[in-house]
>>> print(open('upload25.txt').read())   # compact mmCIF, C-alpha atoms
# COMPACT_ATOMS: atom_id res chain seq x y z
CA MET A 274 27.05 1.70 39.61
CA LYS A 275 28.86 1.08 36.33
CA GLU A 276 29.43 -2.50 37.51
CA MET A 277 25.67 -3.08 37.11
CA TYR A 278 26.04 -2.59 33.34
CA PRO A 279 27.58 -4.99 30.78
CA LYS A 280 31.11 -4.31 29.59
CA ASN A 281 30.37 -5.10 25.95
CA GLY A 282 26.62 -5.37 25.53
CA ARG A 283 23.76 -2.86 25.76
CA VAL A 284 20.96 -2.19 28.22
CA ILE A 285 17.67 -1.53 26.42
CA LEU A 286 14.35 -0.49 27.92
CA HIS A 287 10.98 -0.81 26.24
CA VAL A 288 8.52 1.62 27.80
CA ASP A 289 4.87 0.83 27.06
CA MET A 290 2.08 3.02 28.41
CA ASN A 291 -0.83 1.09 29.92
CA SER A 292 -4.24 1.61 28.23
CA PHE A 293 -2.85 4.91 27.02
CA TYR A 294 -5.97 6.69 25.74
CA ALA A 295 -8.03 5.59 28.71
CA SER A 296 -5.23 6.54 31.12
CA VAL A 297 -4.95 10.01 29.57
CA GLU A 298 -8.70 10.51 29.97
CA MET A 299 -8.48 9.43 33.61
CA ALA A 300 -5.63 11.85 34.21
CA HIS A 301 -7.74 14.59 32.63
CA ASP A 302 -10.83 13.63 34.64
CA PRO A 303 -9.87 11.84 37.91
CA SER A 304 -13.52 10.93 38.55
CA LEU A 305 -13.09 8.21 35.89
CA LYS A 306 -10.39 6.38 37.85
CA GLY A 307 -11.23 2.90 39.00
CA LYS A 308 -14.23 2.70 36.69
CA PRO A 309 -14.77 0.68 33.50
CA LEU A 310 -13.95 3.18 30.75
CA ALA A 311 -13.90 2.75 26.98
CA ILE A 312 -12.71 5.10 24.25
CA ALA A 313 -14.87 4.60 21.18
CA GLY A 314 -15.49 6.19 17.81
CA ASN A 315 -19.01 7.57 17.20
CA VAL A 316 -20.24 6.94 20.72
CA GLU A 317 -23.75 8.02 19.72
CA GLU A 318 -24.00 5.08 17.35
CA ARG A 319 -24.84 1.62 18.60
CA ARG A 320 -22.27 0.23 16.17
CA GLY A 321 -19.38 2.38 17.38
CA ILE A 322 -16.05 0.60 17.82
CA ILE A 323 -13.93 0.35 21.00
CA VAL A 324 -10.52 1.96 20.38
CA THR A 325 -9.16 1.06 23.82
CA CYS A 326 -10.47 0.46 27.32
CA SER A 327 -9.37 0.54 30.94
CA TYR A 328 -8.28 -2.56 32.82
CA GLU A 329 -11.49 -2.31 34.86
CA ALA A 330 -13.46 -2.72 31.62
CA ARG A 331 -11.25 -5.58 30.46
CA LYS A 332 -12.25 -7.59 33.53
CA PHE A 333 -15.72 -7.80 32.00
CA GLY A 334 -14.35 -9.10 28.68
CA VAL A 335 -14.35 -5.75 26.85
CA LYS A 336 -11.65 -5.64 24.15
CA THR A 337 -10.20 -3.30 21.54
CA THR A 338 -12.13 -3.27 18.19
CA MET A 339 -15.20 -4.73 19.90
CA PRO A 340 -18.52 -3.16 18.79
CA LEU A 341 -19.87 -0.76 21.37
CA TRP A 342 -23.19 -2.61 21.69
CA GLN A 343 -21.33 -5.78 22.64
CA ALA A 344 -19.19 -3.96 25.21
CA LYS A 345 -22.31 -2.50 26.83
CA LYS A 346 -23.88 -5.94 26.93
CA LEU A 347 -20.85 -7.34 28.75
CA CYS A 348 -20.51 -4.31 31.01
CA PRO A 349 -23.75 -2.25 31.27
CA GLN A 350 -22.09 0.31 33.56
CA ILE A 351 -19.25 1.06 31.14
CA ILE A 352 -18.43 4.75 30.62
CA VAL A 353 -17.75 5.73 27.00
CA ARG A 354 -15.73 8.72 25.82
CA LYS A 355 -14.93 10.01 22.34
CA PRO A 356 -11.25 9.96 21.33
CA ASN A 357 -9.40 13.23 21.88
CA PHE A 358 -6.31 12.83 19.72
CA ASP A 359 -4.93 16.29 20.43
CA ARG A 360 -4.93 15.41 24.11
CA TYR A 361 -3.23 12.07 23.43
CA ARG A 362 -0.56 13.61 21.21
CA ALA A 363 0.23 16.21 23.86
CA ALA A 364 0.56 13.48 26.49
CA SER A 365 2.79 11.46 24.16
CA THR A 366 5.10 14.43 23.58
CA SER A 367 5.41 14.97 27.33
CA MET A 368 6.06 11.27 27.85
CA PHE A 369 8.97 11.17 25.42
CA ASP A 370 10.37 14.41 26.85
CA ILE A 371 10.51 12.67 30.23
CA LEU A 372 12.25 9.61 28.76
CA ARG A 373 14.91 11.85 27.23
CA ARG A 374 15.87 13.05 30.70
CA TYR A 375 17.46 9.64 31.20
CA SER A 376 19.06 9.08 27.79
CA GLN A 377 19.41 10.80 24.45
CA LEU A 378 18.91 7.44 22.75
CA VAL A 379 15.12 7.27 22.71
CA GLU A 380 13.25 5.75 19.76
CA PRO A 381 9.48 6.29 19.58
CA VAL A 382 7.73 3.42 17.79
CA SER A 383 4.14 4.56 18.31
CA ILE A 384 2.23 7.24 20.18
CA ASP A 385 2.47 5.32 23.46
CA GLU A 386 5.64 3.21 23.38
CA GLY A 387 9.33 3.52 22.69
CA TYR A 388 12.79 2.05 23.19
CA MET A 389 15.61 3.54 25.26
CA ASP A 390 19.31 2.68 25.30
CA ILE A 391 20.52 3.47 28.84
CA THR A 392 23.93 1.77 28.54
CA ASP A 393 25.73 5.07 29.20
CA SER A 394 23.26 6.30 31.84
CA TYR A 395 24.88 4.40 34.72
CA GLU A 396 25.45 7.58 36.74
CA LEU A 397 21.66 7.79 37.14
CA GLY A 398 21.48 4.40 38.84
CA SER A 399 21.12 0.73 38.02
CA PRO A 400 18.83 -0.29 35.12
CA LEU A 401 16.14 -1.31 37.61
CA GLN A 402 16.45 1.98 39.50
CA ILE A 403 16.15 3.95 36.26
CA ALA A 404 13.05 1.96 35.24
CA GLU A 405 11.48 2.55 38.66
CA SER A 406 12.29 6.26 38.44
CA ILE A 407 10.70 6.52 34.98
CA GLN A 408 7.51 4.89 36.26
CA GLU A 409 7.39 7.22 39.28
CA VAL A 410 8.00 10.39 37.25
CA LEU A 411 5.40 9.47 34.61
CA LEU A 412 2.86 8.88 37.37
CA LYS A 413 3.77 12.02 39.29
CA GLU A 414 3.92 14.42 36.33
CA LEU A 415 1.44 12.90 33.86
CA ASP A 416 -0.57 10.56 36.09
CA ILE A 417 -0.16 7.81 33.47
CA PRO A 418 1.03 4.24 34.25
CA CYS A 419 3.46 2.24 32.14
CA SER A 420 5.14 -1.15 31.97
CA ILE A 421 8.86 -1.45 31.27
CA GLY A 422 10.97 -4.28 29.92
CA ILE A 423 14.72 -4.38 30.61
CA ALA A 424 16.90 -6.53 28.34
CA PRO A 425 20.10 -6.64 26.25
CA ASN A 426 18.26 -5.94 22.98
CA LYS A 427 15.04 -4.47 21.57
CA PHE A 428 13.21 -7.73 20.95
CA LEU A 429 13.73 -9.08 24.45
CA ALA A 430 12.86 -5.68 25.98
CA LYS A 431 9.58 -5.64 24.03
CA MET A 432 8.72 -9.18 25.14
CA ALA A 433 9.57 -8.29 28.73
CA SER A 434 7.37 -5.19 28.85
CA ASP A 435 4.34 -7.29 27.87
CA MET A 436 4.81 -9.72 30.76
CA LYS A 437 3.54 -7.57 33.62
CA LYS A 438 0.72 -5.09 33.08
CA PRO A 439 -0.19 -2.62 34.39
CA LEU A 440 2.76 -0.95 36.14
CA GLY A 441 5.14 -3.86 35.74
CA ILE A 442 8.90 -3.97 35.40
CA THR A 443 10.43 -7.14 33.97
CA ILE A 444 14.09 -8.00 33.46
CA LEU A 445 14.71 -10.56 30.70
CA ARG A 446 18.26 -11.84 30.30
CA LYS A 447 19.52 -14.12 27.54
CA ARG A 448 20.06 -16.89 30.06
CA ASP A 449 16.32 -16.75 30.83
CA ILE A 450 15.20 -17.33 27.23
CA SER A 451 14.88 -21.11 27.40
CA SER A 452 12.91 -21.10 30.65
CA VAL A 453 10.78 -17.96 30.11
CA LEU A 454 10.26 -17.48 26.36
CA TRP A 455 10.51 -20.92 24.82
CA PRO A 456 7.45 -22.42 26.58
CA MET A 457 5.24 -19.61 25.23
CA GLU A 458 3.02 -20.19 22.19
CA ALA A 459 4.52 -19.02 18.91
CA GLY A 460 1.63 -16.59 18.34
CA GLU A 461 2.55 -14.75 21.55
CA MET A 462 5.94 -13.79 20.15
CA HIS A 463 6.38 -10.21 18.98
CA GLY A 464 6.59 -10.24 15.19
CA VAL A 465 4.74 -13.52 14.68
CA GLY A 466 1.03 -12.94 15.14
CA LYS A 467 -1.94 -15.20 14.55
CA LYS A 468 -1.62 -15.73 10.77
CA THR A 469 2.09 -16.52 10.85
CA ALA A 470 1.52 -18.89 13.78
CA GLU A 471 -1.07 -20.74 11.70
CA LYS A 472 1.47 -21.13 8.89
CA LEU A 473 4.09 -22.44 11.31
CA ALA A 474 1.81 -25.01 12.94
CA PRO A 475 1.92 -27.59 10.09
CA LEU A 476 5.71 -27.68 10.53
CA GLY A 477 5.24 -28.63 14.17
CA ILE A 478 6.27 -25.17 15.33
CA LEU A 479 3.83 -24.47 18.14
CA THR A 480 6.00 -22.70 20.70
CA ILE A 481 8.76 -20.10 20.62
CA GLY A 482 11.13 -22.89 21.58
CA ASP A 483 10.07 -24.86 18.50
CA LEU A 484 10.77 -21.79 16.36
CA ALA A 485 14.20 -21.36 17.95
CA LYS A 486 15.13 -24.90 16.90
CA ALA A 487 13.35 -24.95 13.53
CA ASN A 488 14.94 -26.01 10.24
CA ASP A 489 16.37 -23.02 8.35
CA ILE A 490 15.46 -24.34 4.91
CA GLN A 491 11.84 -24.98 5.87
CA LEU A 492 11.51 -21.57 7.51
CA LYS A 493 12.94 -19.74 4.52
CA ALA A 494 10.71 -21.66 2.12
CA LEU A 495 7.66 -20.78 4.19
CA LEU A 496 8.36 -17.18 5.24
CA GLY A 497 11.36 -16.06 3.22
CA ILE A 498 14.15 -14.15 4.93
CA ASN A 499 11.69 -13.13 7.65
CA GLY A 500 11.55 -16.75 8.79
CA LEU A 501 15.26 -16.75 9.59
CA ARG A 502 14.90 -13.39 11.28
CA LEU A 503 12.14 -14.74 13.51
CA LYS A 504 14.31 -17.74 14.41
CA ASP A 505 17.08 -15.35 15.47
CA ARG A 506 14.61 -13.45 17.63
CA ALA A 507 13.40 -16.69 19.22
CA ASN A 508 17.01 -17.36 20.17
CA GLY A 509 17.33 -13.86 21.63
CA VAL A 510 19.37 -12.44 18.75
CA ASP A 511 18.50 -8.88 17.72
CA LYS A 512 21.23 -6.54 16.46
CA ARG A 513 18.97 -3.52 15.86
CA THR A 514 20.13 -0.36 17.58
CA VAL A 515 17.94 2.23 19.25
CA ASN A 516 17.52 4.98 16.66
CA PRO A 517 16.55 8.40 18.09
CA GLU A 518 15.80 9.59 14.57
CA SER A 519 13.27 6.86 13.85
CA VAL A 520 10.73 7.28 11.08
CA TYR A 521 7.92 7.52 13.62
CA ASP A 522 9.01 10.87 14.97
CA PHE A 523 8.86 13.76 12.51
CA LYS A 524 10.14 12.60 9.15
CA SER A 525 8.40 13.87 6.04
CA ILE A 526 8.12 13.03 2.35
CA GLY A 527 6.99 15.61 -0.16
CA ASN A 528 7.30 17.19 -3.60
CA SER A 529 6.74 20.63 -5.03
CA THR A 530 6.64 22.09 -8.52
CA THR A 531 7.27 25.58 -9.83
CA LEU A 532 4.73 26.34 -12.55
CA ALA A 533 5.84 27.62 -15.95
CA LYS A 534 3.41 30.51 -15.53
CA ASP A 535 0.98 31.84 -12.94
CA VAL A 536 -2.12 29.63 -12.85
CA SER A 537 -5.52 30.37 -11.36
CA ASN A 538 -7.55 27.65 -13.10
CA GLN A 539 -8.73 25.24 -10.40
CA HIS A 540 -8.91 22.27 -12.76
CA LEU A 541 -5.27 22.73 -13.82
CA LEU A 542 -4.16 23.25 -10.22
CA PHE A 543 -5.91 20.03 -9.22
CA GLN A 544 -3.99 18.24 -11.98
CA VAL A 545 -0.75 19.56 -10.51
CA ILE A 546 -1.75 18.37 -7.04
CA GLU A 547 -2.58 14.93 -8.43
CA GLY A 548 0.85 14.70 -10.06
CA LEU A 549 2.58 15.69 -6.82
CA VAL A 550 0.51 13.24 -4.81
CA GLU A 551 1.42 10.36 -7.13
CA LYS A 552 5.13 10.97 -6.48
CA VAL A 553 4.63 11.34 -2.73
CA THR A 554 2.57 8.13 -2.70
CA GLN A 555 5.24 6.17 -4.58
CA ARG A 556 7.92 7.26 -2.12
CA LEU A 557 5.70 6.39 0.85
CA LYS A 558 5.17 2.91 -0.61
CA ARG A 559 8.89 2.41 -1.24
CA LYS A 560 9.67 3.29 2.35
CA LYS A 561 6.65 1.32 3.63
CA VAL A 562 5.34 4.20 5.72
CA LEU A 563 2.05 6.05 6.14
CA ALA A 564 1.45 9.77 6.71
CA GLN A 565 -0.44 11.06 9.72
CA THR A 566 -0.36 14.70 8.62
CA ILE A 567 -0.77 16.24 5.16
CA SER A 568 0.65 19.67 4.30
CA VAL A 569 0.08 21.90 1.27
CA THR A 570 2.38 24.75 0.27
CA ILE A 571 1.10 27.60 -1.94
CA ARG A 572 3.28 30.36 -3.43
CA TYR A 573 1.46 33.19 -5.17
CA LYS A 574 2.70 35.32 -8.05
CA ASP A 575 3.86 38.00 -5.59
CA ARG A 576 6.04 35.26 -3.97
CA LYS A 577 3.98 35.22 -0.78
CA THR A 578 4.17 31.62 0.47
CA ILE A 579 1.94 29.80 2.93
CA THR A 580 2.06 26.22 4.26
CA ARG A 581 -0.98 24.70 5.90
CA SER A 582 -1.23 21.26 7.55
CA LYS A 583 -3.99 18.93 8.68
CA LYS A 584 -3.52 16.19 11.28
CA LEU A 585 -5.50 13.13 10.21
CA THR A 586 -7.54 10.79 12.38
CA ASN A 587 -5.99 7.73 10.72
CA PRO A 588 -2.62 7.35 8.96
CA ILE A 589 -2.97 7.18 5.16
CA GLY A 590 -0.81 6.06 2.23
CA SER A 591 -3.01 5.70 -0.85
CA SER A 592 -3.06 8.31 -3.61
CA GLU A 593 -6.85 8.49 -3.30
CA ASP A 594 -6.73 9.39 0.39
CA ILE A 595 -3.81 11.81 0.04
CA ASN A 596 -5.42 13.49 -2.98
CA ALA A 597 -8.65 14.03 -1.06
CA ALA A 598 -6.85 15.45 1.99
CA ALA A 599 -4.55 17.70 -0.07
CA LYS A 600 -7.37 19.10 -2.22
CA ARG A 601 -9.55 19.84 0.80
CA LEU A 602 -6.66 21.64 2.45
CA PHE A 603 -5.86 23.54 -0.75
CA LEU A 604 -9.44 24.74 -1.28
CA LYS A 605 -9.72 25.83 2.33
CA HIS A 606 -6.65 28.08 2.18
CA TRP A 607 -6.37 29.20 -1.47
CA ASN A 608 -7.48 32.83 -1.84
CA GLY A 609 -8.22 32.49 -5.56
CA GLU A 610 -5.13 34.44 -6.69
CA PRO A 611 -2.78 33.07 -9.41
CA ILE A 612 -0.28 30.50 -8.12
CA ARG A 613 3.37 30.05 -9.07
CA LEU A 614 4.33 27.04 -6.88
CA LEU A 615 2.50 24.12 -5.27
CA GLY A 616 3.78 21.52 -2.83
CA VAL A 617 2.30 18.47 -1.09
CA THR A 618 3.98 16.79 1.88
CA GLY A 619 3.20 13.85 4.14
CA THR A 620 4.59 14.19 7.67
CA ASP A 621 4.47 12.42 11.05
CA LEU A 622 5.33 9.22 9.22
CA LEU A 623 4.58 5.83 10.72
CA GLU A 624 5.90 2.45 9.59
CA GLN A 625 3.15 0.33 8.08
CA ASP A 626 3.82 -2.54 10.48
CA ASP A 627 3.39 -0.21 13.46
CA ALA A 628 0.33 1.61 12.16
CA ILE A 629 -2.78 1.04 14.24
CA LYS A 630 -5.91 2.71 12.96
CA GLN A 631 -7.72 4.98 15.34
CA LEU A 632 -10.96 3.16 14.58
CA ASP A 633 -14.21 4.99 14.13
CA LEU A 634 -17.51 3.78 12.72
CA PHE A 635 -16.84 4.89 9.16
CA SER A 636 -13.35 3.42 8.81
CA PHE A 637 -14.42 0.20 10.52
CA GLU A 638 -17.36 -0.30 8.17
CA GLN A 639 -15.26 0.48 5.10
CA GLU A 640 -12.56 -2.00 6.13
CA ALA A 641 -15.18 -4.62 7.00
CA LYS A 642 -16.65 -4.35 3.47
CA LYS A 643 -13.21 -5.13 2.04
CA GLU A 644 -12.63 -8.18 4.26
CA PRO A 645 -13.94 -10.77 1.70
CA LEU A 646 -11.66 -9.26 -0.94
CA TYR A 647 -8.65 -9.34 1.40
CA HIS A 648 -9.42 -12.96 2.27
CA THR A 649 -9.58 -13.99 -1.40
CA MET A 650 -6.32 -12.14 -2.16
CA GLU A 651 -4.60 -13.86 0.76
CA MET A 652 -5.75 -17.29 -0.45
CA LEU A 653 -4.42 -16.60 -3.95
CA ARG A 654 -1.07 -15.43 -2.58
CA GLU A 655 -0.72 -18.47 -0.33
CA LYS A 656 -1.43 -20.82 -3.26
CA TYR A 657 0.42 -19.11 -6.11
CA GLY A 658 2.92 -16.79 -4.42
CA LYS A 659 2.82 -13.37 -2.78
CA HIS A 660 3.21 -11.45 -6.07
CA ILE A 661 0.43 -13.24 -7.99
CA ILE A 662 -1.90 -10.34 -7.28
CA GLU A 663 -1.06 -6.77 -6.35
CA LYS A 664 -3.00 -3.62 -5.63
CA ALA A 665 -3.04 -1.28 -8.60
CA GLY A 666 -1.64 1.46 -6.36
CA ASP A 667 1.43 -0.65 -5.63
CA LEU A 668 2.41 -0.88 -9.28
CA ALA A 669 4.24 2.42 -9.36
CA ASP A 670 5.78 1.82 -12.74
CA HIS A 671 2.37 1.48 -14.34
CA GLN A 672 0.73 4.55 -12.87
CA LYS A 673 -1.01 6.70 -15.40
CA SER A 674 0.88 9.85 -16.24
CA THR A 675 -0.61 13.07 -14.91
CA PRO A 676 -0.22 16.38 -16.74
CA THR A 677 2.33 18.63 -15.04
CA ILE A 678 3.10 22.26 -15.44
CA GLY A 679 6.65 23.46 -15.02
CA THR A 680 9.57 21.71 -13.35
CA ASP A 681 9.44 19.26 -10.44
CA THR A 682 11.70 19.87 -7.50
CA SER A 683 12.22 17.95 -4.31
CA PHE A 684 10.33 19.44 -1.38
CA ASN A 685 11.41 18.78 2.24
CA LYS A 686 13.52 15.79 1.19
CA ASP A 687 12.92 13.20 3.86
CA PHE A 688 14.32 15.46 6.55
CA LEU A 689 14.25 14.55 10.22
CA GLN A 690 13.24 16.99 12.92
CA THR A 691 13.18 14.88 16.04
CA SER A 692 11.99 16.53 19.20
CA SER A 693 15.15 15.25 20.84
CA ARG A 694 17.10 17.99 19.07
CA SER A 695 15.48 20.72 21.10
CA TRP A 696 16.20 18.67 24.19
CA LYS A 697 19.87 18.36 23.21
CA LYS A 698 20.20 22.13 22.91
CA ASN A 699 19.05 22.65 26.48
CA HIS A 700 20.87 19.84 28.23
CA ASP A 701 24.55 19.11 28.71
CA LYS A 702 25.48 15.71 27.36
CA LYS A 703 27.91 15.30 30.24
CA GLU A 704 25.02 14.85 32.63
CA ILE A 705 24.43 11.31 31.41
CA GLU A 706 27.63 10.38 29.61
>>> encode(input="upload25.txt", output="structure tokens")
Amino acid sequence: MKEMYPKNGRVILHVDMNSFYASVEMAHDPSLKGKPLAIAGNVEERRGIIVTCSYEARKFGVKTTMPLWQAKKLCPQIIVRKPNFDRYRAASTSMFDILRRYSQLVEPVSIDEGYMDITDSYELGSPLQIAESIQEVLLKELDIPCSIGIAPNKFLAKMASDMKKPLGITILRKRDISSVLWPMEAGEMHGVGKKTAEKLAPLGILTIGDLAKANDIQLKALLGINGLRLKDRANGVDKRTVNPESVYDFKSIGNSTTLAKDVSNQHLLFQVIEGLVEKVTQRLKRKKVLAQTISVTIRYKDRKTITRSKKLTNPIGSSEDINAAAKRLFLKHWNGEPIRLLGVTGTDLLEQDDAIKQLDLFSFEQEAKKEPLYHTMEMLREKYGKHIIEKAGDLADHQKSTPTIGTDTSFNKDFLQTSSRSWKKNHDKKEIE
């Protein structure tokens, strides 16, 4: 079986769950199978937003982010369910546990997709056999379908997994790039998107093949170093490795401070929290990640210490949002006794580029109100340069100073606690090496 694997290269899988939220709901309630199903925020409201929908609903033209009233107009018989994120997270954990049966090199990139490096898993079968086995096990144990791309690198594996849905398996080799990828529109390429495609069009770059043959100087002038990176991708070049300790999994960023004296004044304690949040926010911005969970640590004068966490509906990264979440959590669990230490931590980090809001009515309306502002900012950046206007929160060096009490110390310094570690303890590496 080892002959089915390259001598020098890698074999990468991209596993992408099909209509994940809807599929989880169908697994939970089999009576929903085969019916047009939508997961939507604030289902009682006519203006609720579709988070995802089943393939049966998509046949009627229902799409993600579509207003609920419009979806019901297109498909009057559509069934609508509220999101159950605890259920989805549990399913996601089980999904990645199954993937790690085939390889220790599993990199989650979102709640419902991830990369696998199966180069050293040849004893389990050919790449196609492993992909087929993964599909079968996910269906048998979780009752959730997936599509899988098989390729020599992450980019090609991602492109391949999008080609056949649902329940597809696609092999994409480098020799297939010119015939399979190059005829596709540039906007269909992973990493390009609609806005970048619009920028490329004036240069005559309309397809992935055009991008693969584009002029380096023009690309760099238009998109910076990312332009050259996209050209490499279009030519099938991607040197990124599968990282089992990816930022998506369980990395955290936080800070704590030991107070100079015991403090029970809420106003002063809020000032401390604000100072901690500013530092956490700056580090999140530097790493270009968002937090999906906020934790607060409280140590009382008798040294009793508690840590309480709150999983958020949407990932956050602004000081305003983190402050609000941290203060709510603090007030809920503070017993009123004097405090000696406070800590604030953001966990379950997600890269900004991979962050997809779990849309509900409130967040949709708030983002919609900002759309004219975003449009104006984008126009200014396109005309005068990307740094002509910045959000105040991004100017870390100019943040106002916040009163602090005592000495700052690092708290949970960017540690990684991937779920693969527990798997490694219970499985012999020799099984797949």
>>> atom_distance(input="upload25.txt", atom1="atom CA of A:Leu445", atom2="atom CA of A:Val288")
14.0 Å
>>> atom_distance(input="upload25.txt", atom1="atom CA of A:Lys332", atom2="atom CA of A:Ser304")
19.2 Å
>>> residues_around(input="upload25.txt", residues="A:Val536", least_positions_apart="3", cutoff="9 Å", atoms="only C-alpha atoms", output="MDAnalysis selection string")
chainID A and resid 532:533 539 541:542 574 610:613
>>> atom_distance(input="upload25.txt", atom1="atom CA of A:Asp370", atom2="atom CA of A:Asp435")
22.5 Å
>>> closest_residue(input="upload25.txt", among="A:Leu473, A:Ala404, A:Leu496, A:Val382", to="A:Glu624", atoms="all atoms listed in the file")
A:Val382
>>> closest_residue(input="upload25.txt", among="A:Ala485, A:Ile526, A:Met274, A:Met339", to="A:Arg556", atoms="all atoms listed in the file")
A:Ile526
>>> axis_aligned_box(input="upload25.txt", around="stretch 471-477 of chain A", padding_each_side="5 Å", output="AutoDock Vina command-line options")
--center_x 2.3 --center_y -24.7 --center_z 11.5 --size_x 16.8 --size_y 17.9 --size_z 15.3
>>> closest_residue(input="upload25.txt", among="A:Asp575, A:Glu298, A:Glu471, A:Asp390", to="A:Val515", atoms="only C-alpha atoms")
A:Asp390
>>> closest_residue(input="upload25.txt", among="A:Asn516, A:Ser451, A:Val297, A:Asn357", to="A:Gln377", atoms="all atoms listed in the file")
A:Asn516
>>> residues_around(input="upload25.txt", residues="A:Met299", least_positions_apart="5", cutoff="9 Å", atoms="all atoms listed in the file", output="list of chain:residue names")
A:Tyr294, A:Ser304, A:Leu305, A:Lys306, A:Gly307, A:Leu310, A:Asp416, A:Ile417
>>> residues_around(input="upload25.txt", residues="A:Ile444", least_positions_apart="4", cutoff="7 Å", atoms="all atoms listed in the file", output="JSON, numbers by chain")
{"A": [422, 423, 424, 433]}
>>> residues_near_point(input="upload25.txt", point="(13.0, -8.1, 23.2)", cutoff="10 Å", atoms="all atoms listed in the file", output="list of chain:residue names")
A:Ile285, A:Leu286, A:His287, A:Gly422, A:Ile423, A:Ala424, A:Pro425, A:Asn426, A:Lys427, A:Phe428, A:Leu429, A:Ala430, A:Lys431, A:Met432, A:Ala433, A:Ser434, A:Asp435, A:Leu445, A:Arg446, A:Lys447, A:Met462, A:His463, A:Arg506, A:Ala507, A:Gly509, A:Val510, A:Asp511
>>> write_last_selection(input="upload25.txt", atoms="C-alpha atoms", output="PDB file, in the coordinates of the input")
ATOM      1  CA  ILE A 285      17.670  -1.530  26.420  1.00  0.00           C
ATOM      2  CA  LEU A 286      14.350  -0.490  27.920  1.00  0.00           C
ATOM      3  CA  HIS A 287      10.980  -0.810  26.240  1.00  0.00           C
ATOM      4  CA  GLY A 422      10.970  -4.280  29.920  1.00  0.00           C
ATOM      5  CA  ILE A 423      14.720  -4.380  30.610  1.00  0.00           C
ATOM      6  CA  ALA A 424      16.900  -6.530  28.340  1.00  0.00           C
ATOM      7  CA  PRO A 425      20.100  -6.640  26.250  1.00  0.00           C
ATOM      8  CA  ASN A 426      18.260  -5.940  22.980  1.00  0.00           C
ATOM      9  CA  LYS A 427      15.040  -4.470  21.570  1.00  0.00           C
ATOM     10  CA  PHE A 428      13.210  -7.730  20.950  1.00  0.00           C
ATOM     11  CA  LEU A 429      13.730  -9.080  24.450  1.00  0.00           C
ATOM     12  CA  ALA A 430      12.860  -5.680  25.980  1.00  0.00           C
ATOM     13  CA  LYS A 431       9.580  -5.640  24.030  1.00  0.00           C
ATOM     14  CA  MET A 432       8.720  -9.180  25.140  1.00  0.00           C
ATOM     15  CA  ALA A 433       9.570  -8.290  28.730  1.00  0.00           C
ATOM     16  CA  SER A 434       7.370  -5.190  28.850  1.00  0.00           C
ATOM     17  CA  ASP A 435       4.340  -7.290  27.870  1.00  0.00           C
ATOM     18  CA  LEU A 445      14.710 -10.560  30.700  1.00  0.00           C
ATOM     19  CA  ARG A 446      18.260 -11.840  30.300  1.00  0.00           C
ATOM     20  CA  LYS A 447      19.520 -14.120  27.540  1.00  0.00           C
ATOM     21  CA  MET A 462       5.940 -13.790  20.150  1.00  0.00           C
ATOM     22  CA  HIS A 463       6.380 -10.210  18.980  1.00  0.00           C
ATOM     23  CA  ARG A 506      14.610 -13.450  17.630  1.00  0.00           C
ATOM     24  CA  ALA A 507      13.400 -16.690  19.220  1.00  0.00           C
ATOM     25  CA  GLY A 509      17.330 -13.860  21.630  1.00  0.00           C
ATOM     26  CA  VAL A 510      19.370 -12.440  18.750  1.00  0.00           C
ATOM     27  CA  ASP A 511      18.500  -8.880  17.720  1.00  0.00           C
TER      28      ASP A 511
END
>>> residues_near_point(input="upload25.txt", point="(15.8, -22.1, 11.9)", cutoff="9 Å", atoms="only C-alpha atoms", output="PyMOL selection string")
chain A and resi 484-493+500-505
>>> closest_residue(input="upload25.txt", among="A:Leu604, A:Tyr278, A:Glu409, A:Asn508", to="A:Asp449", atoms="all atoms listed in the file")
A:Asn508
>>> closest_residue(input="upload25.txt", among="A:Phe293, A:Lys584, A:Tyr395, A:Gly321", to="A:Lys280", atoms="only C-alpha atoms")
A:Tyr395
